[in-house]
Amino acid sequence: MVRVRFAPSPTGPLHIGGVRTALYNYLFARQNGGKVILRIEDTDQTRFVPGAEQYIIEALDWLGIKFDEGVHIGGPFGPYRQSDRKPMYRQYAEQLIRDGWAYYAFDKPEALEAKRKEYEAQKKTFQYDCNTRMQMENSLSLGMEEAQRRIDVGEPYVVRFKFPNNIDITVHDMIRGDVTMNSRLLDDKVLFKSDGMPTYHLANIVDDHTMEITHVIRGEEWLPSAPLHVMLYKAFGWEDTMPRFAHLPLLLKPEGNGKLSKRDGDRLGFPVFPLEWHDPKSGEISSGYREKGYLPEAVVNMLALMGWNPGTEQEIMSMNELIKLFNVEHISKNGAKFNLDKAKWFQHEYFQKLSDEQVGDLLEAQLKEHDIMADHNYIVKVAAMMKERITFPSELWDTCSYFFVAPTEYNEKDVAKRWTPDMHIHMAKVIEILNTVPFEYDAIHKALLDDYIAANGLNTGKVMNSLRIAVVGRTVGPDMITLIMMIGKDETIRRVQNAIDKLKIEQ
């Protein structure tokens with residue numbers, strides 16, 4: 001059975017790049033009838049941020065990415081939080097030492113720093129590897145007897161992986177094909193830290209193996225670590241059950257030069273996190289897609305197509321359609337630029353999929369915030385008429401308020417452009433027409449546009465936009481006659497007369 005995992009660290013809010021990784025894992029698992037697991041990788045306790053784990057769970061739940069096993073729901077391969085699995089990792093580190101694949105290292109931080117500076121002075125870069133390990137303080141250079149003595153007296157140590165000298169290590173990547181690196185270029189990574197916690201590398205491999213993970217789909221920033229991970233599977237004798245790897249391209253800044261960051265979002269005014277995040281340390285608040293009014297389906301659809309395409313021109317896809325069409329082979333090797341206009345386009349498309357009743361409920365809630373009560377059916381009718389103009393729920397009040405409240409101010413630029421000194425005469429004629437012709441769309445249209453404006457050679461745009469200023473307060477809105485029919489004859493006449501009185505005085 002296909003088993004994949006999403007394994008974030010609780011070091012802060014979940015970046016949308018991480019969300020995309022979770023989404024691709026979810027789509028792959030569901031398409032193959034497999035399981036998707038949420039594992040929390042908190043081996044680096046110094047970077048732990050309170051609330052981050054719950055944030056991750058809430059964000060993925062909001063987006064509709066459901067897990068079969070995980071830290072929040074349990075399962076047969078738990079526990080699913082690495083700090084809760086701590087006792088098991090030491091035995092695996094010691095197994096590697098016994099089998100000659102790892103060694104104890106006692107180098108103090110100041111000694112390592114001194115070695116780095118020594119190399120820098122020679123315009124070289126220090127790396128703890130097969131070329132330098134015998135110059136350092138470890139069980140290889142000191143001997144195991146001395147190493148054990150140091151351990152027995154409580155001297156701090158770490159466990160490092162021992163790369164064989166000068167071998168080619170090939171990682172088969174489902175997206176990039178074979179990636180080969182020579183061991184002489186790789187440093188002997190720390191696998192087990194002096195605080196008794198494993199590093200990502202050891203815990204990751206042990207957990208993936210013991211949880212029977214079959215495919216590892218993760219960001220390309222982990223590609224340089226993949227040779228170590230392949231070698232760890234070899235060292236443990238787990239090559240036959242080693243998962244297949246797929247390293248996803250980065251999400252890039254809108255300009256394309258570098259990884260998308262929170263600073264880019266702050267600079268350009270868009271969220272890079274799914275939910276609003278309140279930093280418990282700094283008190284800083286970062287915006288989220290949910291709080292900005294994005295629909296989760298829109299965010300999912302947008303992210304799915306950032307680095308992957310179905311091989312067709314189709315862009316709007318439900319989660320079920322994404323599951324059906326998803327193919328790892330169609331994931332790009334190149335980074336995907338974030339496009340704010342495209343994000344808004346997806347949001348608009350999904351907002352249009354909401355029912356008139358749903359949009360009406362959103363509008364009604366905003367009306368109540370402004371202490372306005374209105375007939376529910378009328379609200380839904382307005383929502384149906386104006387929905388096409390809306391991208392975010394926050395736009396509803398500004399876009400629809402004039403259906404419920406008469407303007408008290410008039411846009412100065414619109415008035416200066418449209419409301420000529422004689423406009424009160426034409427607006428008085430509008431009132432006369434509304435009072436004399438049947439209150440029906442065709443009758444009003446004929447009497448106003450044909451029998452008055454056209455017959456008298458008037459400028460249609462100037463007169464109708466001035467009427468819109470009187471009714472709306474500015475020159476925006478739906479078809480003018482339709483708007484009149486919606487708000488009613490008496491309300492229209494009252495608004496037009498108010499505009500005549502106020503704008504005549506101001507002019």
# chains A, B, ... in the order shown; residues from 1 in each chain; ligands from 1

call {"tool": "closest_atom_pairs", "arguments": {"of": "stretch 200-270 of chain A", "to": "stretch 332-338 of chain A", "cutoff": "12 Å", "atoms": "only C-alpha atoms", "output": "tab-separated table"}}
result
residue	atom	partner	partner_atom	distance
A:Gly219	CA	A:Gly335	CA	10.7
A:Glu220	CA	A:Lys333	CA	9.3
A:Glu221	CA	A:Gly335	CA	11.6
A:Ala246	CA	A:Lys333	CA	10.3
A:His247	CA	A:Lys333	CA	8.6
A:Leu248	CA	A:Lys333	CA	7.3
A:Pro249	CA	A:Gly335	CA	4.7
A:Leu250	CA	A:Gly335	CA	4.7
A:Leu251	CA	A:Ala336	CA	5.1
A:Leu252	CA	A:Lys337	CA	4.5
A:Lys253	CA	A:Lys337	CA	5.7
A:Pro254	CA	A:Phe338	CA	4.8
A:Glu255	CA	A:Lys337	CA	7.1
A:Gly256	CA	A:Lys337	CA	5.4
A:Asn257	CA	A:Lys337	CA	8.8
A:Gly258	CA	A:Gly335	CA	9.0
A:Lys259	CA	A:Gly335	CA	8.5
A:Leu260	CA	A:Phe338	CA	7.5
A:Ser261	CA	A:Phe338	CA	10.6
A:Asp264	CA	A:Phe338	CA	10.1
A:Gly265	CA	A:Phe338	CA	10.1
A:Leu268	CA	A:Phe338	CA	11.2
A:Phe270	CA	A:Phe338	CA	10.3

call {"tool": "closest_atom_pairs", "arguments": {"of": "stretch 253-323 of chain A", "to": "stretch 394-411 of chain A", "cutoff": "12 Å", "atoms": "only C-alpha atoms", "output": "tab-separated table"}}
result
residue	atom	partner	partner_atom	distance
A:Arg290	CA	A:Ser394	CA	11.8
A:Glu291	CA	A:Ser394	CA	9.9
A:Lys292	CA	A:Ser394	CA	8.1
A:Gly293	CA	A:Ser394	CA	6.9
A:Tyr294	CA	A:Ser394	CA	10.1

call {"tool": "residues_around", "arguments": {"residues": "A:Glu297", "least_positions_apart": "5", "cutoff": "9 Å", "atoms": "only C-alpha atoms", "output": "number ranges by chain"}}
result
A: 63-64, 302, 317-319, 346-347, 350

call {"tool": "select_by_dssp", "arguments": {"residues": "stretch 292-413 of chain A", "states": "helix (DSSP H, G or I)", "output": "PyMOL selection string"}}
result
chain A and resi 296-304+319-325+328-330+340-353+356-369+376-389+393-403+412-413

call {"tool": "closest_atom_pairs", "arguments": {"of": "stretch 165-248 of chain A", "to": "stretch 75-78 of chain A", "cutoff": "9 Å", "atoms": "only C-alpha atoms", "output": "JSON lines"}}
result
{"residue": "A:Thr210", "atom": "CA", "partner": "A:Phe77", "partner_atom": "CA", "distance": 7.5}
{"residue": "A:Met211", "atom": "CA", "partner": "A:Phe77", "partner_atom": "CA", "distance": 5.6}
{"residue": "A:Glu212", "atom": "CA", "partner": "A:Phe77", "partner_atom": "CA", "distance": 8.7}

call {"tool": "atom_distance", "arguments": {"atom1": "atom CA of A:Gly100", "atom2": "atom CA of A:Thr180"}}
result
23.3 Å
